[in-house]
Amino acid sequence: MPLRLVLADDAALIRQALAELLERRGMHVVAQAGDAPSLLRAVDEHRPDAAIIDIRMPPTQTTEGIHAALQIRQQFPGVGILLLSTYTQIDDAVELFTSTASRVGYLLKDSVADLDELTGALTRISEDGTVFDPKLVAELLGRARRTDPLGALTPRERQVLALMAEGRSNAGIAKAIWVSHGAVEKHVRHIFRKLGIPGTPDIHRRVLAVITFLDAR
Amino acid sequence: MIAATGLPADAETLFRAVAAAADALWVADAAGRIAFLNPAALKILGYGDAAELLGRPSHETIHYLRPDGSLFPAAECPMLRPGRTGETIQVEHDSFVRKDGTQVAVSYSSAPVDLVYGRGVVVAFRDISARLRLGEVEASRARIARAADGARRRIERDLHDGTQQHFVAVAMRLDNARRLIQTAPGDAARLVDAVHADLLEAIAELRRLAHGIHPAELSRHGILAALWTLARRSAIPVDVRAEDIGRLLPEIEATAYYIAAEAAANAVKHANADHVTITLARMPGGLQLTITDDGKGGAAFGEGTGLQGIRDRADAAGGHLTLASPIGGPTVVTADLPIHGCQADIR
């Protein structure tokens, strides 16, 4: 069954292009919206599998996207949410992940240009997963720090950490780096112990814990 | 000129006029000693009573420092020359020393005057501090306008040399690919792959450029969020230590951000610093931002330097910027900004 999607972005050019590309990939865009109220109406009417929402929408082009996302989560909990942001604002992602349990993703708008990444994210979200843009993860990991909090990790553990931050499940990590499930679980345990983060079995909470750790101020 | 045999009534009027004049007037005798001062002169120089000055050598008492505070030798001073040569001189910008030792910027004229015991000088002078301040404000405004023009030129150059080149290359490759689709689809596909990669790079570059022009975090989440993003992206570790001061007027937030960004960039580019600390704190009536780096110091405000630019911006926002940068470091840039912005801009 093709994924049923609602697209919300005030840039009609992007919306059209995105709809065409997603349809070509076998997904079904059931409705498009140019602002938050139309988005909510569309979700109510069509009950899609997921909504792709641009953070910046009229009238103020600031927080409309996030508010709409949180409203959808409250009123239509089964609808997956993929939030697209033009700017690398970690605070927005943290706010989103803190308020919602799962089936949510945060991607940079740049990632829309990479169809594999986009459709991969939508699929994971529709399967109860969590998605956090790998480019943002790379930025967090690459941040210059006086003392390296990741110094105790082995290279393999750093790799697993990055994939955890992107929202991958243990199975997903195992597939991505060609190791066994058991090996991934062991790495995850070590990482949590070495970084002093309380381990959590919930993938979604784990993303939040890792991002918060990496973005520590 | 005063007639040797003036009527008493004229003399009375003249005396009253000189005493009441708003501009300062004093007279030195042939030996350069102060012979007379009007009340305006006493006031500007900060003396209570003419008796404190009468008979004292004029140059050594009130004219012994140059505007920059260095010693002004009597031999180089033109003020008493009219008494010797009969010429009249005008000096646009000089400095007198007040009773309390502070200096006041003045412009003066000095003319010869025949006194009972020889030829002296009569000096008329004005306090020009206000005019100088206005001049400095105008100069600062001009510098800000030039800096804005310079920024626009850089944007044009970045767009032209960077992004535009990407798109030109993309157009050429796609044109090529178009022709090859029927005859050499494999080559066409490779070209399209290359185009895709090019475009992703162009998008990333545009994003960086847009962020440099104005970071979106600043408008959306305020100065603190923008500083955290600055820290995250920095090539060297940046610690941001700040209380949550909430949102401020956009121009204050923008000024604070650009000051921090410029100072942090200098730390990397010029000071070879290993570490930067940015602190932001509420003060009564204002905000204090400090940027400290552990680099090699020696920074200074120079014509056209970024430091001059941020000092101008701080001034324009109704604030104040100071720099401490001894050779060997550390460098500390401190900006005090008002919370409420300039009076003229309150909406």
# chains A, B, ... in the order shown; residues from 1 in each chain; ligands from 1
$ residues_around --residues "Phe76 in chain A" --least-positions-apart "3" --cutoff "9 Å" --atoms "only C-alpha atoms" --output "list in words"
Val43, Asp44, Arg47, Gln71, Ile72, Arg73 and Val79 of chain A
$ residues_around --residues "range 67-75 of chain B" --least-positions-apart "4" --cutoff "7 Å" --atoms "only C-alpha atoms" --output "PyMOL selection string"
chain B and resi 59+94-95+105
$ interface_residues --of "chain A" --to "chain B" --cutoff "6 Å" --atoms "only C-alpha atoms" --output "ChimeraX atom specification"
/A:62,143-146
$ write_last_selection --atoms "C-alpha atoms" --output "PDB file, in the first residue's frame"
ATOM      1  CA  THR A  62       8.667  31.594  12.411  1.00  0.00           C
ATOM      2  CA  ARG A 143      31.850  20.714  17.039  1.00  0.00           C
ATOM      3  CA  ALA A 144      35.108  22.146  18.363  1.00  0.00           C
ATOM      4  CA  ARG A 145      35.343  21.616  22.094  1.00  0.00           C
ATOM      5  CA  ARG A 146      37.962  22.293  24.705  1.00  0.00           C
TER       6      ARG A 146
END
$ closest_residue --among "B:Leu230, B:Ile310, B:Met283, B:Ile327" --to "Gly298 in chain B" --atoms "only C-alpha atoms"
B:Ile327
$ residues_around --residues "Thr331 in chain B" --least-positions-apart "6" --cutoff "9 Å" --atoms "only C-alpha atoms" --output "VMD selection string"
chain B and resid 267 271 291 to 299 323 to 325
$ write_last_selection --atoms "C-alpha atoms" --output "mmCIF file, in the first residue's frame"
data_model
loop_
_atom_site.group_PDB
_atom_site.id
_atom_site.type_symbol
_atom_site.label_atom_id
_atom_site.label_comp_id
_atom_site.auth_asym_id
_atom_site.auth_seq_id
_atom_site.Cartn_x
_atom_site.Cartn_y
_atom_site.Cartn_z
ATOM 1 C CA ALA B 267 40.133 35.397 17.537
ATOM 2 C CA ALA B 271 44.901 36.064 17.225
ATOM 3 C CA ILE B 291 34.195 38.189 24.135
ATOM 4 C CA THR B 292 37.493 36.900 25.501
ATOM 5 C CA ASP B 293 40.076 34.934 23.565
ATOM 6 C CA ASP B 294 43.388 33.423 24.648
ATOM 7 C CA GLY B 295 45.186 34.461 21.474
ATOM 8 C CA LYS B 296 48.241 36.649 20.954
ATOM 9 C CA GLY B 297 46.582 40.029 21.533
ATOM 10 C CA GLY B 298 47.756 43.294 20.035
ATOM 11 C CA ALA B 299 44.410 44.073 18.440
ATOM 12 C CA LEU B 323 38.919 46.764 23.831
ATOM 13 C CA ALA B 324 41.695 45.408 26.027
ATOM 14 C CA SER B 325 44.324 43.596 23.979
#
$ select_by_dssp --residues "range 109-302 of chain B" --states "strand (DSSP E)" --output "PyMOL selection string"
chain B and resi 109-115+118-127+238-242+276-283+286-293
$ residues_around --residues "His190 in chain A" --least-positions-apart "4" --cutoff "12 Å" --atoms "only C-alpha atoms" --output "ChimeraX atom specification"
/A:152-154,156-158,160-161,183-186,194-199
